[in-house]
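Coordinates as given in start_17.pdb (PDB, C-alpha atoms):
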```pdb
ATOM      1  CA  ASN A 191      47.522 -45.513 -69.422
ATOM      2  CA  ALA A 192      45.553 -47.853 -67.143
ATOM      3  CA  GLY A 193      48.556 -49.523 -65.468
ATOM      4  CA  VAL A 194      47.702 -52.789 -63.675
ATOM      5  CA  THR A 195      44.002 -53.609 -63.641
ATOM      6  CA  GLN A 196      42.492 -56.222 -61.355
ATOM      7  CA  THR A 197      38.958 -57.517 -61.549
ATOM      8  CA  PRO A 198      36.777 -57.997 -59.643
ATOM      9  CA  LYS A 199      37.437 -55.681 -56.682
ATOM     10  CA  PHE A 200      35.269 -57.762 -54.342
ATOM     11  CA  GLN A 201      34.057 -61.353 -54.534
ATOM     12  CA  VAL A 202      32.240 -63.752 -52.239
ATOM     13  CA  LEU A 203      32.461 -67.472 -52.935
ATOM     14  CA  LYS A 204      31.122 -70.600 -51.346
ATOM     15  CA  THR A 205      33.501 -73.379 -50.372
ATOM     16  CA  GLY A 206      34.266 -75.559 -53.377
ATOM     17  CA  GLN A 207      33.406 -72.974 -56.020
ATOM     18  CA  SER A 208      35.936 -72.016 -58.632
ATOM     19  CA  MET A 209      36.787 -68.619 -59.976
ATOM     20  CA  THR A 210      39.451 -66.631 -61.782
ATOM     21  CA  LEU A 211      40.928 -63.376 -60.580
ATOM     22  CA  GLN A 212      41.883 -61.289 -63.569
ATOM     23  CA  CYS A 213      45.016 -59.176 -63.902
ATOM     24  CA  ALA A 214      45.948 -57.151 -66.959
ATOM     25  CA  GLN A 215      48.659 -54.599 -67.596
ATOM     26  CA  ASP A 216      49.093 -52.321 -70.568
ATOM     27  CA  MET A 217      52.722 -51.372 -69.981
ATOM     28  CA  ASN A 218      54.295 -54.313 -71.854
ATOM     29  CA  HIS A 219      55.947 -55.525 -68.658
ATOM     30  CA  GLU A 220      57.737 -58.874 -68.738
ATOM     31  CA  TYR A 221      57.333 -59.660 -65.054
ATOM     32  CA  MET A 222      54.024 -60.272 -63.323
ATOM     33  CA  SER A 223      53.232 -61.693 -59.917
ATOM     34  CA  TRP A 224      50.415 -62.472 -57.521
ATOM     35  CA  TYR A 225      50.436 -61.837 -53.769
ATOM     36  CA  ARG A 226      47.973 -62.481 -51.008
ATOM     37  CA  GLN A 227      47.671 -60.227 -47.969
ATOM     38  CA  ASP A 228      46.423 -61.569 -44.671
ATOM     39  CA  PRO A 229      46.193 -59.665 -41.364
ATOM     40  CA  GLY A 230      49.489 -59.773 -39.516
ATOM     41  CA  MET A 231      51.213 -61.643 -42.348
ATOM     42  CA  GLY A 232      52.185 -58.938 -44.813
ATOM     43  CA  LEU A 233      52.074 -59.825 -48.503
ATOM     44  CA  ARG A 234      53.151 -63.291 -49.581
ATOM     45  CA  LEU A 235      54.054 -64.361 -53.096
ATOM     46  CA  ILE A 236      51.753 -66.938 -54.686
ATOM     47  CA  HIS A 237      52.996 -67.291 -58.286
ATOM     48  CA  TYR A 238      55.040 -65.221 -60.663
ATOM     49  CA  SER A 239      55.915 -65.065 -64.340
ATOM     50  CA  VAL A 240      58.979 -63.726 -66.141
ATOM     51  CA  GLY A 241      57.328 -63.702 -69.540
ATOM     52  CA  ALA A 242      54.634 -65.223 -71.717
ATOM     53  CA  GLY A 243      54.579 -68.999 -71.327
ATOM     54  CA  ILE A 244      56.757 -68.999 -68.201
ATOM     55  CA  THR A 245      55.421 -69.270 -64.665
ATOM     56  CA  ASP A 246      56.812 -70.390 -61.335
ATOM     57  CA  GLN A 247      55.673 -70.926 -57.774
ATOM     58  CA  GLY A 248      56.163 -68.507 -54.948
ATOM     59  CA  GLU A 249      55.902 -68.959 -51.187
ATOM     60  CA  VAL A 250      52.228 -70.030 -50.960
ATOM     61  CA  PRO A 251      51.189 -71.643 -54.289
ATOM     62  CA  ASN A 252      48.926 -74.441 -53.044
ATOM     63  CA  GLY A 253      45.325 -74.141 -54.209
ATOM     64  CA  TYR A 254      46.140 -71.692 -56.997
ATOM     65  CA  ASN A 255      46.916 -72.067 -60.690
ATOM     66  CA  VAL A 256      48.255 -69.508 -63.122
ATOM     67  CA  SER A 257      49.047 -69.261 -66.806
ATOM     68  CA  ARG A 258      50.618 -66.565 -68.959
ATOM     69  CA  SER A 259      49.487 -66.906 -72.549
ATOM     70  CA  THR A 260      50.048 -63.228 -73.343
ATOM     71  CA  THR A 261      52.338 -60.519 -72.017
ATOM     72  CA  GLU A 262      49.347 -58.479 -70.870
ATOM     73  CA  ASP A 263      47.360 -61.003 -68.836
ATOM     74  CA  PHE A 264      48.155 -63.111 -65.785
ATOM     75  CA  PRO A 265      44.987 -64.690 -64.341
ATOM     76  CA  LEU A 266      44.926 -66.465 -60.986
ATOM     77  CA  ARG A 267      42.609 -69.472 -60.741
ATOM     78  CA  LEU A 268      41.087 -70.988 -57.630
ATOM     79  CA  LEU A 269      39.876 -74.429 -58.654
ATOM     80  CA  SER A 270      38.073 -75.292 -55.406
ATOM     81  CA  ALA A 271      37.877 -72.360 -53.023
ATOM     82  CA  ALA A 272      38.493 -72.899 -49.321
ATOM     83  CA  PRO A 273      37.883 -70.557 -46.357
ATOM     84  CA  SER A 274      41.670 -70.369 -45.893
ATOM     85  CA  GLN A 275      41.825 -68.531 -49.215
ATOM     86  CA  THR A 276      39.867 -65.604 -47.809
ATOM     87  CA  SER A 277      42.317 -62.773 -48.361
ATOM     88  CA  VAL A 278      43.146 -59.664 -50.325
ATOM     89  CA  TYR A 279      44.917 -60.482 -53.567
ATOM     90  CA  PHE A 280      47.308 -58.145 -55.346
ATOM     91  CA  CYS A 281      48.727 -58.423 -58.826
ATOM     92  CA  ALA A 282      51.933 -56.602 -59.712
ATOM     93  CA  SER A 283      54.071 -56.093 -62.781
ATOM     94  CA  SER A 284      57.550 -54.880 -63.589
ATOM     95  CA  TYR A 285      60.054 -54.747 -66.408
ATOM     96  CA  VAL A 286      63.767 -55.150 -66.845
ATOM     97  CA  GLY A 287      65.252 -51.738 -66.195
ATOM     98  CA  ALA A 288      62.494 -50.613 -63.831
ATOM     99  CA  GLY A 289      65.000 -50.582 -61.032
ATOM    100  CA  GLU A 290      63.077 -53.436 -59.546
ATOM    101  CA  LYS A 291      60.078 -51.182 -58.924
ATOM    102  CA  LEU A 292      56.786 -53.087 -58.923
ATOM    103  CA  PHE A 293      53.541 -51.590 -60.174
ATOM    104  CA  PHE A 294      50.598 -52.858 -58.138
ATOM    105  CA  GLY A 295      46.947 -53.304 -58.976
ATOM    106  CA  SER A 296      44.282 -52.085 -56.571
ATOM    107  CA  GLY A 297      43.602 -55.525 -55.127
ATOM    108  CA  THR A 298      40.735 -58.016 -54.976
ATOM    109  CA  GLN A 299      39.081 -58.740 -51.640
ATOM    110  CA  LEU A 300      37.933 -62.361 -51.662
ATOM    111  CA  SER A 301      35.764 -64.009 -49.037
ATOM    112  CA  VAL A 302      35.162 -67.755 -49.061
ATOM    113  CA  LEU A 303      32.257 -68.875 -46.894
TER     114      LEU A 303
ATOM    115  CA  ALA B  93      65.993 -67.834 -48.502
ATOM    116  CA  GLN B  94      65.496 -64.194 -47.742
ATOM    117  CA  THR B  95      63.471 -62.980 -44.784
ATOM    118  CA  VAL B  96      62.294 -59.539 -43.729
ATOM    119  CA  THR B  97      61.405 -58.703 -40.137
ATOM    120  CA  GLN B  98      59.478 -55.708 -38.857
ATOM    121  CA  SER B  99      59.487 -55.850 -35.066
ATOM    122  CA  GLN B 100      57.005 -53.038 -34.425
ATOM    123  CA  PRO B 101      53.409 -54.096 -35.179
ATOM    124  CA  GLU B 102      52.029 -50.676 -34.243
ATOM    125  CA  MET B 103      53.396 -47.199 -33.669
ATOM    126  CA  SER B 104      51.875 -43.830 -32.989
ATOM    127  CA  VAL B 105      53.186 -40.288 -33.328
ATOM    128  CA  GLN B 106      51.904 -36.740 -33.037
ATOM    129  CA  GLU B 107      51.697 -34.447 -36.005
ATOM    130  CA  ALA B 108      54.965 -32.655 -36.841
ATOM    131  CA  GLU B 109      57.030 -35.155 -34.857
ATOM    132  CA  THR B 110      59.573 -37.605 -36.230
ATOM    133  CA  VAL B 111      59.118 -41.362 -36.152
ATOM    134  CA  THR B 112      61.387 -44.243 -37.140
ATOM    135  CA  LEU B 113      60.146 -47.619 -38.325
ATOM    136  CA  SER B 114      62.509 -50.559 -38.015
ATOM    137  CA  CYS B 115      63.273 -53.316 -40.494
ATOM    138  CA  THR B 116      65.883 -56.050 -40.533
ATOM    139  CA  TYR B 117      66.462 -58.619 -43.219
ATOM    140  CA  ASP B 118      68.475 -61.722 -43.860
ATOM    141  CA  THR B 119      70.108 -62.605 -47.155
ATOM    142  CA  SER B 120      73.260 -64.103 -48.577
ATOM    143  CA  GLU B 121      73.020 -61.884 -51.656
ATOM    144  CA  ASN B 122      75.452 -59.036 -52.096
ATOM    145  CA  ASN B 123      73.425 -56.963 -54.540
ATOM    146  CA  TYR B 124      69.771 -56.333 -53.891
ATOM    147  CA  TYR B 125      67.115 -53.676 -53.415
ATOM    148  CA  LEU B 126      65.174 -52.618 -50.343
ATOM    149  CA  PHE B 127      61.870 -50.804 -50.318
ATOM    150  CA  TRP B 128      59.350 -49.193 -48.046
ATOM    151  CA  TYR B 129      55.745 -49.351 -49.207
ATOM    152  CA  LYS B 130      52.831 -47.457 -47.700
ATOM    153  CA  GLN B 131      49.329 -48.918 -47.657
ATOM    154  CA  PRO B 132      46.630 -46.464 -46.577
ATOM    155  CA  PRO B 133      43.065 -47.600 -45.809
ATOM    156  CA  SER B 134      42.332 -47.391 -49.541
ATOM    157  CA  ARG B 135      44.424 -50.581 -49.844
ATOM    158  CA  GLN B 136      46.606 -49.047 -52.559
ATOM    159  CA  MET B 137      50.300 -50.033 -52.436
ATOM    160  CA  ILE B 138      52.415 -46.880 -52.690
ATOM    161  CA  LEU B 139      56.181 -46.949 -53.072
ATOM    162  CA  VAL B 140      57.677 -44.597 -50.473
ATOM    163  CA  ILE B 141      61.401 -45.055 -50.955
ATOM    164  CA  ARG B 142      63.913 -47.419 -52.536
ATOM    165  CA  GLN B 143      67.526 -48.252 -51.676
ATOM    166  CA  GLU B 144      70.080 -50.027 -53.825
ATOM    167  CA  ALA B 145      72.381 -52.137 -51.688
ATOM    168  CA  TYR B 146      75.507 -51.222 -53.631
ATOM    169  CA  LYS B 147      74.959 -47.540 -52.852
ATOM    170  CA  GLN B 148      76.327 -46.429 -49.501
ATOM    171  CA  GLN B 149      74.399 -43.177 -49.497
ATOM    172  CA  ASN B 150      71.061 -43.377 -47.736
ATOM    173  CA  ALA B 151      68.039 -42.685 -49.935
ATOM    174  CA  THR B 152      65.807 -39.699 -49.214
ATOM    175  CA  GLU B 153      62.447 -38.623 -50.619
ATOM    176  CA  ASN B 154      61.218 -35.343 -49.181
ATOM    177  CA  ARG B 155      60.192 -36.083 -45.544
ATOM    178  CA  PHE B 156      61.154 -39.753 -45.847
ATOM    179  CA  SER B 157      64.659 -41.056 -45.393
ATOM    180  CA  VAL B 158      66.289 -44.380 -44.614
ATOM    181  CA  ASN B 159      69.147 -45.539 -42.470
ATOM    182  CA  PHE B 160      70.673 -48.408 -44.416
ATOM    183  CA  GLN B 161      73.236 -50.474 -42.522
ATOM    184  CA  LYS B 162      74.331 -53.224 -44.908
ATOM    185  CA  ALA B 163      76.616 -55.059 -42.513
ATOM    186  CA  ALA B 164      73.930 -55.115 -39.845
ATOM    187  CA  LYS B 165      71.235 -55.901 -42.448
ATOM    188  CA  SER B 166      69.121 -53.089 -41.127
ATOM    189  CA  PHE B 167      66.895 -50.730 -43.117
ATOM    190  CA  SER B 168      64.896 -48.259 -41.018
ATOM    191  CA  LEU B 169      62.530 -45.578 -42.297
ATOM    192  CA  LYS B 170      62.454 -42.121 -40.763
ATOM    193  CA  ILE B 171      59.428 -39.921 -41.318
ATOM    194  CA  SER B 172      60.017 -36.276 -40.430
ATOM    195  CA  ASP B 173      57.325 -33.679 -39.772
ATOM    196  CA  SER B 174      54.658 -36.394 -39.617
ATOM    197  CA  GLN B 175      51.313 -35.574 -41.189
ATOM    198  CA  LEU B 176      47.853 -37.029 -40.680
ATOM    199  CA  GLY B 177      48.050 -38.417 -44.206
ATOM    200  CA  ASP B 178      51.001 -40.573 -43.168
ATOM    201  CA  THR B 179      48.596 -42.778 -41.209
ATOM    202  CA  ALA B 180      48.891 -46.161 -42.922
ATOM    203  CA  MET B 181      50.422 -49.604 -42.825
ATOM    204  CA  TYR B 182      54.095 -49.550 -43.809
ATOM    205  CA  PHE B 183      55.818 -52.562 -45.318
ATOM    206  CA  CYS B 184      59.525 -53.155 -45.655
ATOM    207  CA  ALA B 185      60.406 -55.309 -48.667
ATOM    208  CA  PHE B 186      63.426 -56.983 -50.262
ATOM    209  CA  MET B 187      64.208 -57.945 -53.839
ATOM    210  CA  LYS B 188      67.263 -59.660 -55.263
ATOM    211  CA  GLN B 189      69.073 -57.836 -58.034
ATOM    212  CA  ALA B 190      67.336 -58.569 -61.331
ATOM    213  CA  GLY B 191      64.660 -60.216 -59.280
ATOM    214  CA  THR B 192      61.045 -60.415 -60.165
ATOM    215  CA  ALA B 193      59.184 -60.477 -56.872
ATOM    216  CA  LEU B 194      59.308 -58.913 -53.433
ATOM    217  CA  ILE B 195      59.700 -60.470 -50.008
ATOM    218  CA  PHE B 196      57.674 -58.442 -47.525
ATOM    219  CA  GLY B 197      57.801 -57.935 -43.803
ATOM    220  CA  LYS B 198      54.599 -58.251 -41.804
ATOM    221  CA  GLY B 199      54.082 -54.512 -41.635
ATOM    222  CA  THR B 200      53.896 -51.703 -39.095
ATOM    223  CA  THR B 201      50.667 -49.795 -38.555
ATOM    224  CA  LEU B 202      51.461 -46.120 -38.063
ATOM    225  CA  SER B 203      48.913 -43.753 -36.557
ATOM    226  CA  VAL B 204      49.485 -40.015 -36.724
ATOM    227  CA  SER B 205      47.320 -37.916 -34.411
ATOM    228  CA  SER B 206      46.734 -34.178 -34.081
TER     229      SER B 206
END
```
What would you get if you wrote out this structure as structure tokens?
Amino acid sequence: NAGVTQTPKFQVLKTGQSMTLQCAQDMNHEYMSWYRQDPGMGLRLIHYSVGAGITDQGEVPNGYNVSRSTTEDFPLRLLSAAPSQTSVYFCASSYVGAGEKLFFGSGTQLSVL
Amino acid sequence: AQTVTQSQPEMSVQEAETVTLSCTYDTSENNYYLFWYKQPPSRQMILVIRQEAYKQQNATENRFSVNFQKAAKSFSLKISDSQLGDTAMYFCAFMKQAGTALIFGKGTTLSVSS
């Protein structure tokens, strides 16, 4: 059981480049979410999804797009990377009845130069 | 909107001693969940302890326990018999009942020394 898998673990981008952070879970969880972690700021919610085809914005959604075409996958897209998006990104999943426990991926460290 | 405040950016403790990390939160919800997560240098997010707001009894997990004061909206974490492996960033977090995402505090860096 792999749990929540994030790829890549590290990435360096140039300003203006686009890329997709991948997140996959094999636990059939309905809920998935993306957070960014910045020094001194804790983790902040970017986007979340309550099921396939349903997404919504979190606290800091600007500059990021998401889609949820399958239960398993919840990719995060940066259409035009900016230095302000340098951060560590975490994906998490959960299910109804989990007691609101989130299962986290191992994170992606992204640097935008 | 819910907010979570951790007022101690850094704390230090000697091995075998007890340390308490503070957390306050603001919400108009009556039913919700509170969590403490540990993040060691490996970056992994590890659930330490969880409290359901409708339960008056404070949660405990081995050396970790909480002091949950619902009226005061306070949720502190006590670590007893501190170990070197407890060195990490600790985050307090809130989730509404049947919620889907967490609201985190800014974290407390805990250093345990020998």
What would the selection look like, as a PyMOL selection string, if the PyMOL selection byres ((chain A) within 10 of (chain B)) were run on the coordinates I just shared?
chain A and resi 220-225+227-235+237-240+248-249+278+280+282-299
| field | Selection result of the PyMOL selection byres ((chain A and resi 263-277) around 7) on this file, as a PyMOL selection string | value | chain A and resi 205-215+222+226-228+253-258+260-262+278-279+299-303
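The nearest approach to Ala164 of chain B among the residues B:Asp118, B:Glu102, B:Asp178, B:Glu109, with only C-alpha atoms taken into account, belongs to B:Asp118.
We find atom CA of Val194 of chain A and atom CA of Asp216 of chain A to be spaced 7.0 Å apart.
Between atom CA of Asp173 of chain B and atom CA of Phe156 of chain B lies a distance of 9.4 Å.
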### Query
Got a sec: who's within 12 Å of Val204 of chain B, counting only C-alpha atoms, leaving out chain neighbours fewer than 5 positions off, as number ranges by chain?
B: 102-111, 171-181
Which centre and which edge lengths, in Å to one decimal, describe the axis-aligned box that holds all listed atoms of segment 232-247 of chain A after 4 Å is added on each side, as lines of an AutoDock Vina configuration file?
```
center_x = 55.4
center_y = -64.9
center_z = -58.3
size_x = 15.2
size_y = 20.0
size_z = 34.9
```
note - atom CA of Asn159 of chain B and atom CA of Val140 of chain B are separated by 14.0 Å
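Among the candidates B:Ala163, B:Ser205, B:Ser157, B:Ser168, the residue lying nearest to Gln100 of chain B is B:Ser168 (atoms considered: all atoms listed in the file).
Checking B:Thr201, B:Ser166, B:Gln94, B:Gln148 one by one against Ser120 of chain B, counting all atoms listed in the file, you find the shortest gap at B:Gln94.
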